[in-house]
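Structure data follow from data.csv (CSV, C-alpha atoms):
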chain,number,residue,atom,x,y,z
A,1155,MET,CA,-13.3,-153.6,80.3
A,1156,PRO,CA,-14.1,-150.8,78.0
A,1157,PRO,CA,-16.7,-148.2,79.1
A,1158,ARG,CA,-20.2,-148.4,77.8
A,1159,GLU,CA,-20.6,-146.4,74.7
A,1160,THR,CA,-22.9,-143.3,74.7
A,1161,ASN,CA,-26.3,-143.6,73.0
A,1162,PRO,CA,-25.5,-142.8,69.4
A,1163,ASN,CA,-28.9,-141.1,69.0
A,1164,PHE,CA,-27.8,-138.3,71.2
A,1165,MET,CA,-24.3,-138.0,69.7
A,1166,ASN,CA,-25.1,-136.3,66.4
A,1167,GLY,CA,-22.6,-133.5,66.0
A,1168,VAL,CA,-21.3,-133.8,69.5
A,1169,PRO,CA,-17.9,-135.3,68.7
A,1170,GLU,CA,-17.3,-132.4,66.2
A,1171,LEU,CA,-18.2,-129.9,68.9
A,1172,LEU,CA,-16.0,-131.5,71.5
A,1173,ILE,CA,-13.0,-131.9,69.2
A,1174,LEU,CA,-13.2,-128.3,68.0
A,1175,ARG,CA,-13.4,-127.1,71.6
A,1176,LEU,CA,-10.4,-129.2,72.7
A,1177,LEU,CA,-8.3,-128.2,69.8
A,1178,GLN,CA,-9.0,-124.5,70.5
A,1179,GLN,CA,-6.8,-124.8,73.5
A,1180,ASP,CA,-3.9,-126.9,72.1
A,1181,GLU,CA,-2.9,-129.0,69.2
A,1182,MET,CA,-3.3,-132.8,69.8
A,1183,TYR,CA,-3.2,-136.1,68.1
A,1184,GLY,CA,-6.0,-138.6,67.9
A,1185,TYR,CA,-5.3,-140.6,71.0
A,1186,GLU,CA,-4.8,-137.5,73.1
A,1187,ILE,CA,-8.1,-136.1,71.9
A,1188,VAL,CA,-10.1,-139.2,72.8
A,1189,GLN,CA,-8.4,-139.5,76.2
A,1190,SER,CA,-9.1,-135.8,76.9
A,1191,ILE,CA,-12.8,-136.2,76.0
A,1192,ARG,CA,-13.1,-139.2,78.2
A,1193,THR,CA,-11.4,-137.4,81.2
A,1194,ARG,CA,-13.2,-134.1,80.9
A,1195,THR,CA,-16.6,-135.7,80.5
A,1196,ASP,CA,-16.0,-138.1,83.3
A,1197,SER,CA,-16.4,-140.9,80.8
A,1198,VAL,CA,-20.0,-139.9,80.3
A,1199,ILE,CA,-19.2,-139.5,76.6
A,1200,ALA,CA,-17.5,-142.5,75.2
A,1201,VAL,CA,-17.5,-143.7,71.6
A,1202,GLY,CA,-15.4,-146.3,69.7
A,1203,GLU,CA,-12.1,-144.5,69.8
A,1204,GLY,CA,-11.2,-145.2,66.2
A,1205,VAL,CA,-14.2,-143.3,64.8
A,1206,VAL,CA,-12.7,-140.0,65.8
A,1207,TYR,CA,-10.4,-140.1,62.8
A,1208,PRO,CA,-13.1,-139.8,60.1
A,1209,VAL,CA,-14.5,-136.8,62.0
A,1210,LEU,CA,-11.0,-135.3,62.2
A,1211,HIS,CA,-10.4,-135.9,58.5
A,1212,ALA,CA,-13.7,-134.5,57.5
A,1213,LEU,CA,-13.1,-131.4,59.6
A,1214,GLU,CA,-9.7,-131.0,58.0
A,1215,ARG,CA,-11.2,-131.3,54.6
A,1216,ASP,CA,-13.8,-128.6,55.4
A,1217,GLY,CA,-10.9,-126.3,56.5
A,1218,ALA,CA,-11.9,-126.3,60.2
A,1219,LEU,CA,-8.7,-128.1,61.2
A,1220,GLN,CA,-5.2,-128.4,59.9
A,1221,SER,CA,-2.7,-131.2,60.5
A,1222,ARG,CA,1.0,-131.6,60.6
A,1223,ARG,CA,3.3,-134.6,61.3
A,1224,LYS,CA,5.4,-134.2,64.4
A,1225,THR,CA,8.0,-136.6,65.9
A,1226,ILE,CA,8.1,-136.8,69.7
A,1227,ASN,CA,10.1,-139.3,71.6
A,1228,GLY,CA,10.9,-141.1,68.4
A,1229,ARG,CA,7.2,-141.6,67.4
A,1230,SER,CA,5.8,-139.8,64.4
A,1231,ARG,CA,2.2,-138.6,64.8
A,1232,ILE,CA,-0.3,-136.4,63.1
A,1233,TYR,CA,-1.2,-133.4,65.2
A,1234,TYR,CA,-4.4,-131.5,64.6
A,1235,SER,CA,-5.0,-127.8,65.3
A,1236,ILE,CA,-8.0,-125.5,64.8
A,1237,THR,CA,-8.1,-122.9,62.0
A,1238,ALA,CA,-9.8,-119.5,62.0
A,1239,GLY,CA,-12.7,-121.2,60.1
A,1240,GLY,CA,-12.8,-123.9,62.7
A,1241,SER,CA,-13.1,-121.3,65.5
A,1242,HIS,CA,-15.9,-119.7,63.7
A,1243,ARG,CA,-17.6,-123.0,63.2
A,1244,LEU,CA,-17.1,-123.8,66.9
A,1245,ALA,CA,-18.8,-120.5,67.9
A,1246,GLY,CA,-21.8,-121.4,65.8
A,1247,LEU,CA,-22.0,-125.0,67.1
A,1248,SER,CA,-21.6,-123.9,70.7
A,1249,GLU,CA,-24.5,-121.4,70.3
A,1250,SER,CA,-26.8,-124.0,68.8
A,1251,TRP,CA,-25.9,-126.5,71.4
A,1252,SER,CA,-26.5,-124.0,74.3
A,1253,SER,CA,-29.9,-123.1,72.8
A,1254,LEU,CA,-30.8,-126.8,72.4
A,1255,THR,CA,-29.7,-127.8,75.9
A,1256,SER,CA,-31.5,-124.8,77.6
A,1257,ALA,CA,-34.7,-125.7,75.6
A,1258,ILE,CA,-34.5,-129.3,76.7
A,1259,GLN,CA,-33.7,-128.3,80.3
A,1260,LYS,CA,-36.8,-126.0,80.2
A,1261,MET,CA,-38.9,-128.9,79.1
A,1262,LEU,CA,-37.6,-131.2,81.8
A,1263,VAL,CA,-37.9,-128.6,84.5
A,1264,GLY,CA,-41.4,-127.7,83.2
A,1265,GLY,CA,-42.4,-131.4,83.4
A,1266,GLN,CA,-41.3,-131.6,87.1
A,1267,HIS,CA,-43.2,-128.4,87.8
A,1268,VAL,CA,-46.4,-129.9,86.4
A,1269,GLN,CA,-45.9,-133.1,88.4
A,1270,ALA,CA,-45.3,-131.0,91.6
A,1271,VAL,CA,-48.6,-129.0,91.0
A,1272,GLN,CA,-50.5,-132.3,90.6
B,1176,MET,CA,-0.5,-154.6,59.8
B,1177,SER,CA,-2.7,-157.1,61.6
B,1178,LYS,CA,-5.6,-159.0,60.2
B,1179,PRO,CA,-8.5,-156.8,61.4
B,1180,PHE,CA,-6.8,-153.8,59.8
B,1181,ASN,CA,-6.3,-155.7,56.6
B,1182,GLU,CA,-10.0,-156.6,56.6
B,1183,LEU,CA,-10.9,-153.0,57.3
B,1184,ARG,CA,-8.7,-151.9,54.4
B,1185,GLU,CA,-10.4,-154.3,52.0
B,1186,ARG,CA,-13.8,-153.3,53.1
B,1187,LEU,CA,-13.2,-149.6,52.8
B,1188,LEU,CA,-11.6,-150.0,49.3
B,1189,ARG,CA,-14.5,-152.1,48.1
B,1190,ALA,CA,-16.8,-149.4,49.4
B,1191,GLY,CA,-15.1,-146.9,47.1
B,1192,VAL,CA,-13.1,-145.0,49.7
B,1193,ALA,CA,-10.0,-143.4,48.0
B,1194,PRO,CA,-6.8,-145.4,48.8
B,1195,ARG,CA,-5.0,-142.4,50.3
B,1196,HIS,CA,-7.8,-141.8,52.8
B,1197,VAL,CA,-7.8,-145.6,53.6
B,1198,GLN,CA,-4.0,-145.6,54.2
B,1199,ARG,CA,-4.1,-142.5,56.4
B,1200,TYR,CA,-7.0,-143.9,58.4
B,1201,LEU,CA,-5.3,-147.2,58.9
B,1202,ASN,CA,-2.0,-145.6,59.9
B,1203,GLU,CA,-3.7,-143.5,62.5
B,1204,LEU,CA,-5.7,-146.4,63.8
B,1205,ALA,CA,-2.5,-148.5,64.1
B,1206,ASP,CA,-0.8,-145.7,66.1
B,1207,HIS,CA,-3.9,-145.4,68.3
B,1208,PHE,CA,-4.0,-149.1,68.8
B,1209,ASN,CA,-0.3,-149.2,69.9
B,1210,ASP,CA,-1.1,-146.3,72.4
B,1211,LEU,CA,-4.1,-148.2,73.8
B,1212,ARG,CA,-2.1,-151.5,74.1
B,1213,ALA,CA,0.7,-149.7,75.9
B,1214,GLU,CA,-1.8,-148.1,78.3
B,1215,GLU,CA,-3.4,-151.4,79.1
B,1216,GLU,CA,-0.1,-153.0,79.7
B,1217,ARG,CA,0.9,-150.2,82.0
B,1218,ALA,CA,-2.3,-150.8,83.9
B,1219,GLY,CA,-1.2,-154.4,84.5
B,1220,SER,CA,-2.8,-156.4,81.7
B,1221,SER,CA,-1.0,-159.3,80.0
B,1222,PRO,CA,0.1,-158.7,76.4
B,1223,ALA,CA,-2.8,-160.8,75.1
B,1224,ASP,CA,-5.4,-159.1,77.3
B,1225,ALA,CA,-3.9,-155.7,76.5
B,1226,GLU,CA,-4.3,-156.4,72.8
B,1227,SER,CA,-7.9,-157.6,73.1
B,1228,ALA,CA,-8.8,-154.6,75.3
B,1229,ALA,CA,-7.1,-152.2,72.8
B,1230,PHE,CA,-9.1,-153.7,69.9
B,1231,ALA,CA,-12.4,-153.4,71.9
B,1232,ARG,CA,-11.6,-149.8,72.8
B,1233,LEU,CA,-10.7,-148.9,69.3
B,1234,GLY,CA,-14.2,-149.8,68.1
B,1235,ASP,CA,-16.1,-152.5,66.3
B,1236,PRO,CA,-14.8,-153.1,62.8
B,1237,ASP,CA,-18.3,-152.3,61.5
B,1238,ASP,CA,-18.4,-149.0,63.2
B,1239,LEU,CA,-14.9,-148.1,62.0
B,1240,ALA,CA,-15.9,-148.9,58.5
B,1241,GLN,CA,-19.2,-147.2,58.7
B,1242,ALA,CA,-17.7,-144.0,60.0
B,1243,MET,CA,-15.9,-143.6,56.7
B,1244,ILE,CA,-18.5,-144.8,54.3
B,1245,ALA,CA,-21.8,-143.9,56.0
B,1246,LYS,CA,-22.4,-140.7,54.1
B,1247,PRO,CA,-24.2,-141.0,50.7
B,1248,GLU,CA,-21.8,-141.9,48.0
B,1249,PHE,CA,-21.8,-138.6,46.2
B,1250,GLN,CA,-21.5,-136.5,49.3
B,1251,SER,CA,-18.8,-138.4,51.1
B,1252,PRO,CA,-15.5,-136.6,51.2
B,1253,PHE,CA,-13.6,-139.9,51.3
B,1254,HIS,CA,-14.8,-141.6,48.1
B,1255,SER,CA,-12.4,-141.7,45.2
B,1256,PHE,CA,-12.8,-139.9,42.0
B,1257,CYS,CA,-13.1,-143.2,40.2
B,1258,VAL,CA,-16.2,-144.0,42.2
B,1259,ARG,CA,-17.7,-140.6,41.9
B,1260,ALA,CA,-17.1,-140.2,38.2
B,1261,PRO,CA,-16.2,-143.6,36.6
B,1262,TRP,CA,-17.2,-142.3,33.2
B,1263,ALA,CA,-14.4,-139.7,33.4
B,1264,ALA,CA,-11.9,-141.9,35.1
B,1265,PHE,CA,-12.3,-144.9,32.7
B,1266,GLY,CA,-13.7,-143.2,29.6
B,1267,LEU,CA,-12.7,-139.6,29.1
B,1268,ALA,CA,-9.3,-139.6,30.8
B,1269,PRO,CA,-7.9,-142.7,29.0
B,1270,LEU,CA,-9.3,-141.4,25.8
B,1271,MET,CA,-7.7,-138.0,26.2
B,1272,LEU,CA,-4.4,-139.6,27.2
B,1273,LEU,CA,-4.4,-141.9,24.1
B,1274,VAL,CA,-5.3,-139.0,21.8
B,1275,SER,CA,-2.5,-136.9,23.4
B,1276,ALA,CA,0.0,-139.7,22.9
B,1277,TYR,CA,-1.0,-140.2,19.2
B,1278,VAL,CA,-0.8,-136.4,18.6
B,1279,LEU,CA,2.6,-136.3,20.1
B,1280,ALA,CA,3.7,-139.3,18.0
B,1281,SER,CA,2.4,-137.6,14.9
B,1282,ILE,CA,4.3,-134.4,15.7
B,1283,ILE,CA,7.5,-136.4,16.2
B,1284,LEU,CA,6.9,-138.1,12.9
B,1285,ALA,CA,6.2,-134.9,11.0
B,1286,THR,CA,9.2,-133.0,12.5
B,1287,GLY,CA,11.5,-136.0,12.1
B,1288,TRP,CA,10.4,-136.2,8.5
B,1289,ALA,CA,11.1,-132.5,7.9
B,1290,ILE,CA,14.5,-132.6,9.7
B,1291,PHE,CA,16.0,-135.9,8.8
B,1292,LEU,CA,14.3,-136.8,5.5
B,1293,PRO,CA,13.5,-133.5,3.7
B,1294,GLN,CA,13.8,-135.1,0.2
B,1295,SER,CA,12.0,-138.3,1.0
B,1296,GLU,CA,8.5,-139.0,-0.3
B,1297,THR,CA,7.6,-140.9,2.9
B,1298,PRO,CA,9.0,-140.9,6.5
B,1299,PHE,CA,8.6,-144.7,6.6
B,1300,VAL,CA,12.1,-145.5,5.2
B,1301,PRO,CA,15.3,-146.8,6.9
B,1302,VAL,CA,17.0,-144.0,8.9
B,1303,HIS,CA,20.4,-143.8,10.5
B,1304,GLY,CA,22.1,-142.2,13.5
B,1305,PHE,CA,20.1,-139.9,15.8
B,1306,ALA,CA,17.1,-140.2,13.5
B,1307,ILE,CA,16.7,-143.8,14.7
B,1308,LEU,CA,16.3,-142.6,18.3
B,1309,TYR,CA,14.0,-139.7,17.3
B,1310,PHE,CA,11.6,-141.7,15.2
B,1311,GLY,CA,11.9,-144.5,17.8
B,1312,VAL,CA,10.4,-142.4,20.5
B,1313,GLY,CA,7.4,-141.6,18.3
B,1314,ARG,CA,7.0,-145.2,17.3
B,1315,MET,CA,7.2,-146.3,21.0
B,1316,LEU,CA,4.5,-143.8,21.9
B,1317,TYR,CA,2.3,-144.9,19.0
B,1318,PHE,CA,2.6,-148.6,19.7
B,1319,TRP,CA,2.9,-148.7,23.5
B,1320,ALA,CA,0.4,-145.9,24.4
B,1321,PRO,CA,-2.8,-148.2,24.3
B,1322,ILE,CA,-1.0,-150.9,26.3
B,1323,LEU,CA,0.4,-148.6,28.9
B,1324,ILE,CA,-2.9,-146.8,29.3
B,1325,GLY,CA,-4.7,-150.2,29.5
B,1326,TRP,CA,-2.3,-151.3,32.3
B,1327,ALA,CA,-2.9,-148.0,34.1
B,1328,ILE,CA,-6.7,-148.7,34.0
B,1329,ALA,CA,-6.1,-152.2,35.3
B,1330,PHE,CA,-3.8,-150.9,38.1
B,1331,VAL,CA,-6.3,-148.3,39.3
B,1332,ALA,CA,-9.1,-150.9,39.2
B,1333,ALA,CA,-7.1,-153.4,41.2
B,1334,ARG,CA,-5.8,-150.8,43.7
B,1335,GLN,CA,-9.3,-149.5,44.4
B,1336,ARG,CA,-10.9,-153.0,44.3
B,1337,LEU,CA,-13.4,-151.8,41.7
B,1338,THR,CA,-16.1,-153.9,40.1
B,1339,ALA,CA,-15.4,-154.9,36.5
B,1340,LEU,CA,-17.9,-152.9,34.6
B,1341,TRP,CA,-16.3,-149.5,34.1
B,1342,PRO,CA,-12.6,-150.7,33.9
B,1343,MET,CA,-13.7,-153.3,31.3
B,1344,ALA,CA,-15.5,-150.5,29.3
B,1345,GLY,CA,-12.4,-148.4,29.4
B,1346,LEU,CA,-10.1,-151.3,28.3
B,1347,LEU,CA,-12.5,-152.1,25.5
B,1348,LEU,CA,-12.6,-148.5,24.3
B,1349,ILE,CA,-8.8,-148.2,24.4
B,1350,ALA,CA,-8.4,-151.5,22.6
B,1351,CYS,CA,-10.8,-150.5,19.8
B,1352,ILE,CA,-9.2,-147.1,19.3
B,1353,GLY,CA,-5.7,-148.5,19.5
B,1354,ALA,CA,-6.5,-151.1,16.9
B,1355,SER,CA,-8.1,-148.7,14.4
B,1356,ALA,CA,-6.0,-145.6,14.8
B,1357,GLN,CA,-3.7,-145.2,11.8
B,1358,VAL,CA,-1.1,-142.6,10.8
B,1359,HIS,CA,-1.0,-141.5,7.2
B,1360,ALA,CA,1.9,-139.5,5.7
B,1361,SER,CA,1.8,-137.9,2.3
B,1362,ARG,CA,3.7,-135.3,0.3
B,1363,THR,CA,3.0,-133.8,-3.2
B,1364,THR,CA,5.5,-134.9,-5.8
B,1365,THR,CA,6.1,-133.8,-9.5
B,1366,VAL,CA,4.5,-136.2,-11.9
B,1367,SER,CA,7.5,-136.5,-14.2
B,1368,THR,CA,10.4,-136.9,-11.8
B,1369,GLY,CA,8.6,-138.0,-8.6
B,1370,ILE,CA,10.6,-135.5,-6.6
B,1371,PRO,CA,8.8,-134.2,-3.5
B,1372,ILE,CA,7.9,-130.5,-3.9
B,1373,GLY,CA,5.1,-129.8,-1.5
B,1374,PRO,CA,4.9,-129.7,2.3
B,1375,SER,CA,4.6,-133.0,4.2
B,1376,HIS,CA,1.3,-134.0,5.8
B,1377,VAL,CA,0.9,-136.3,8.7
B,1378,THR,CA,-2.7,-137.2,9.6
B,1379,LEU,CA,-4.1,-139.4,12.2
B,1380,ALA,CA,-7.4,-141.1,11.7
B,1381,LEU,CA,-9.5,-144.0,12.9
B,1382,ASP,CA,-8.9,-146.3,10.0
B,1383,SER,CA,-12.2,-147.0,8.4
B,1384,VAL,CA,-10.3,-148.2,5.3
B,1385,ALA,CA,-8.6,-150.9,7.3
B,1386,ALA,CA,-12.0,-151.8,8.8
B,1387,THR,CA,-13.6,-152.3,5.4
B,1388,LYS,CA,-10.8,-153.6,3.3
B,1389,ALA,CA,-9.1,-155.8,5.8
B,1390,ILE,CA,-11.9,-156.4,8.3
B,1391,ALA,CA,-10.1,-159.4,9.7
B,1392,ILE,CA,-7.1,-157.4,10.9
B,1393,SER,CA,-8.6,-154.7,13.0
B,1394,PRO,CA,-10.7,-156.9,15.3
B,1395,TRP,CA,-7.8,-159.2,15.9
B,1396,HIS,CA,-5.6,-156.3,16.7
B,1397,ALA,CA,-8.2,-155.0,19.2
B,1398,LEU,CA,-8.5,-158.5,20.7
B,1399,ALA,CA,-4.7,-158.7,21.1
B,1400,LEU,CA,-4.6,-155.3,22.8
B,1401,LEU,CA,-7.5,-156.2,25.1
B,1402,THR,CA,-5.9,-159.5,26.1
B,1403,LEU,CA,-2.6,-157.9,26.7
B,1404,THR,CA,-4.0,-155.2,29.0
B,1405,ILE,CA,-6.7,-157.2,30.7
B,1406,LEU,CA,-4.6,-160.3,31.5
B,1407,PRO,CA,-2.6,-158.9,34.5
B,1408,TRP,CA,-5.8,-157.6,36.1
B,1409,LEU,CA,-7.6,-160.9,35.6
B,1410,LEU,CA,-4.7,-162.7,37.2
B,1411,TRP,CA,-4.8,-160.3,40.1
B,1412,ARG,CA,-8.6,-160.8,40.5
B,1413,VAL,CA,-8.1,-164.6,40.6
B,1414,ARG,CA,-5.4,-164.2,43.2
B,1415,MET,CA,-7.7,-162.1,45.4
B,1416,ALA,CA,-10.6,-164.4,44.9
B,1417,TYR,CA,-8.6,-167.5,45.9
B,1418,PRO,CA,-6.1,-166.3,48.4
B,1419,ALA,CA,-5.2,-169.9,49.4
B,1420,ALA,CA,-3.7,-170.4,46.0
B,1421,ARG,CA,-1.1,-167.7,46.6
I'd like the structure from this file rewritten - as structure tokens, please.
Amino acid sequence: MPPRETNPNFMNGVPELLILRLLQQDEMYGYEIVQSIRTRTDSVIAVGEGVVYPVLHALERDGALQSRRKTINGRSRIYYSITAGGSHRLAGLSESWSSLTSAIQKMLVGGQHVQAVQ
Amino acid sequence: MSKPFNELRERLLRAGVAPRHVQRYLNELADHFNDLRAEEERAGSSPADAESAAFARLGDPDDLAQAMIAKPEFQSPFHSFCVRAPWAAFGLAPLMLLVSAYVLASIILATGWAIFLPQSETPFVPVHGFAILYFGVGRMLYFWAPILIGWAIAFVAARQRLTALWPMAGLLLIACIGASAQVHASRTTTVSTGIPIGPSHVTLALDSVAATKAIAISPWHALALLTLTILPWLLWRVRMAYPAAR
């Protein structure tokens, strides 16, 4: 049975961030990327696996990724790797995401604090 | 490629996604599907169950389609040029192509006249040897350009599953220009002997003379061109509309 998909309202920009982060370490093809996201997020983040490709193609078109066809064990696949522009974009996205999560965390912790005082 | 992918292809093309993006997307989805199915089979699923699970994991067809077409039309990186600028794809580009073909045909006529028929009052006389081939290329360009360009419009429209409006407008434009474009060749001659003395002139014009003097000819010519170019596309559309008839 496929895992439950993550609430799409919270997913805006997240696949892009995760893909860039993964590809910063190594070049990968689509299936590998999806499995890595699933493994490294303990399946907390799960989307329809096929929708990763439009994100990859858009990132490639924007110059954040580059692709090349590679044949391994007789199977030809398209491997993606990050470009210098992609690394720059990743740095910006990571910074925005960190600010956002710390702000949300502050709100949540602040809420608990108010409850504790009452 | 299996049925769900065929349906996805049709949906993406009808939404205006460029065929090369559609093909690449479907190829990668097919590879991904094979990986998922193999993974499920390794985990002990039967082939049928593995296939169902792989399709479920790949994503709902609606989501797969929306991921490509969700962005507004003019911002999407995946939409084809024909969808983003149909006026250019079916108006300007065919027009420029047709004009280029006619200009080239006129150049061939003028140079052929100067090379092979320097003493002739007109280039429209019987020729021999290599001149047949030389003038033949120009004649082919002149007569076949509107038909070939019309077929190209029909091919693009069919390949990208476009609605009829812009391709029809393009075909009509090409048919009208193809029917009215005329090549005129003239050369100054001496009054007494009729011997050509001046340089030759080849001009290309939309033939308003033909339209006024022989008004019955030009529209029929246009209709013939339109029918010839539109017919393969209409047949294709009927086949797509009634797949059972294939």
>> What's around range 1301-1303 of chain B at 9 Å? Count only C-alpha atoms, leave out sequence neighbours fewer than 4 positions away in its own chain, and write the answer as a ChimeraX atom specification.
In response: /B:1291-1292,1307-1308,1310
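What separates CA of Ala1212 in chain A from CA of Gly1239 in chain A is a distance of 13.6 Å.
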>> Which residues are near Val1188 in chain A? Cut-off 12 Å, only C-alpha atoms, ignore same chain within fewer than 6 positions. Put them as a list in words.
In response: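 These residues fall inside the cut-off: Pro1169, Glu1170, Leu1172, Ile1173, Leu1176, Leu1177, Met1182, Arg1194, Thr1195, Ser1197, Ile1199, Ala1200, Val1201, Gly1202, Glu1203, Gly1204, Val1205, Val1206, Tyr1207, Val1209 and Leu1210 of chain A; His1207, Asp1210, Leu1211, Arg1232 and Leu1233 of chain B.
Separating CA of Leu1219 in chain A from CA of Leu1171 in chain A is a distance of 12.4 Å.
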> Near Glu1182 in chain B, counting only C-alpha atoms, which residues have an atom at most 12 Å away, once you skip same-chain residues fewer than 3 positions from it, shown as a list in words?
Replying inline: Met1176, Ser1177, Lys1178, Pro1179, Glu1185, Arg1186, Leu1187, Leu1188, Arg1189, Val1197, Leu1201, Pro1236, Asp1237, Leu1239 and Ala1240 of chain B
Write out as JSON lines a residue-level contact list of chain B versus chain A with cut-off 9 Å: for each qualifying residue the closest pair of atoms and the distance in Å to one decimal, counting all atoms listed in the file, rows sorted by chain and residue number upward.
{"residue": "B:His1196", "atom": "CA", "partner": "A:His1211", "partner_atom": "CA", "distance": 8.6}
{"residue": "B:Tyr1200", "atom": "CA", "partner": "A:Tyr1207", "partner_atom": "CA", "distance": 6.7}
{"residue": "B:Glu1203", "atom": "CA", "partner": "A:Tyr1207", "partner_atom": "CA", "distance": 7.5}
{"residue": "B:Leu1204", "atom": "CA", "partner": "A:Gly1204", "partner_atom": "CA", "distance": 6.1}
{"residue": "B:Asp1206", "atom": "CA", "partner": "A:Arg1231", "partner_atom": "CA", "distance": 7.8}
{"residue": "B:His1207", "atom": "CA", "partner": "A:Tyr1185", "partner_atom": "CA", "distance": 5.7}
{"residue": "B:Phe1208", "atom": "CA", "partner": "A:Gly1204", "partner_atom": "CA", "distance": 8.6}
{"residue": "B:Asp1210", "atom": "CA", "partner": "A:Tyr1185", "partner_atom": "CA", "distance": 7.2}
{"residue": "B:Leu1211", "atom": "CA", "partner": "A:Tyr1185", "partner_atom": "CA", "distance": 8.2}
{"residue": "B:Ala1228", "atom": "CA", "partner": "A:Met1155", "partner_atom": "CA", "distance": 6.8}
{"residue": "B:Ala1229", "atom": "CA", "partner": "A:Pro1156", "partner_atom": "CA", "distance": 8.8}
{"residue": "B:Ala1231", "atom": "CA", "partner": "A:Pro1156", "partner_atom": "CA", "distance": 6.8}
{"residue": "B:Arg1232", "atom": "CA", "partner": "A:Pro1156", "partner_atom": "CA", "distance": 5.9}
{"residue": "B:Leu1233", "atom": "CA", "partner": "A:Glu1203", "partner_atom": "CA", "distance": 4.6}
{"residue": "B:Gly1234", "atom": "CA", "partner": "A:Gly1202", "partner_atom": "CA", "distance": 4.0}
{"residue": "B:Asp1235", "atom": "CA", "partner": "A:Gly1202", "partner_atom": "CA", "distance": 7.1}
{"residue": "B:Asp1238", "atom": "CA", "partner": "A:Val1205", "partner_atom": "CA", "distance": 7.3}
{"residue": "B:Leu1239", "atom": "CA", "partner": "A:Val1205", "partner_atom": "CA", "distance": 5.6}
{"residue": "B:Ala1240", "atom": "CA", "partner": "A:Val1205", "partner_atom": "CA", "distance": 8.6}
{"residue": "B:Gln1241", "atom": "CA", "partner": "A:Val1205", "partner_atom": "CA", "distance": 8.8}
{"residue": "B:Ala1242", "atom": "CA", "partner": "A:Val1205", "partner_atom": "CA", "distance": 6.0}
{"residue": "B:Met1243", "atom": "CA", "partner": "A:Pro1208", "partner_atom": "CA", "distance": 5.8}
{"residue": "B:Pro1252", "atom": "CA", "partner": "A:Ala1212", "partner_atom": "CA", "distance": 6.9}
{"residue": "B:Phe1253", "atom": "CA", "partner": "A:Ala1212", "partner_atom": "CA", "distance": 8.2}
> Out of B:Ile1283, B:Ser1295, B:Arg1362, B:Trp1408, which residue has the shortest atom-to-atom distance to Ala1327 in chain B when counting all atoms listed in the file?
Replying inline: B:Trp1408
> Nearest to Arg1412 in chain B among B:His1359, B:His1254, B:Arg1259, B:Arg1334, with distances taken over only C-alpha atoms: which residue is it?
Replying inline: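 Nearest to Arg1412 in chain B: B:Arg1334.
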> Please, what distance in Å, to one decimal, runs between CA of Leu1409 in chain B and CA of Ser1355 in chain B?
Replying inline: 24.5 Å
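Every protein, DNA or RNA residue with an atom at most 9 Å from Gly1217 in chain A, where only C-alpha atoms count and chain neighbours fewer than 4 positions away do not, is listed here: Ala1212, Leu1213, Ile1236, Thr1237, Ala1238, Gly1239 and Gly1240 of chain A.
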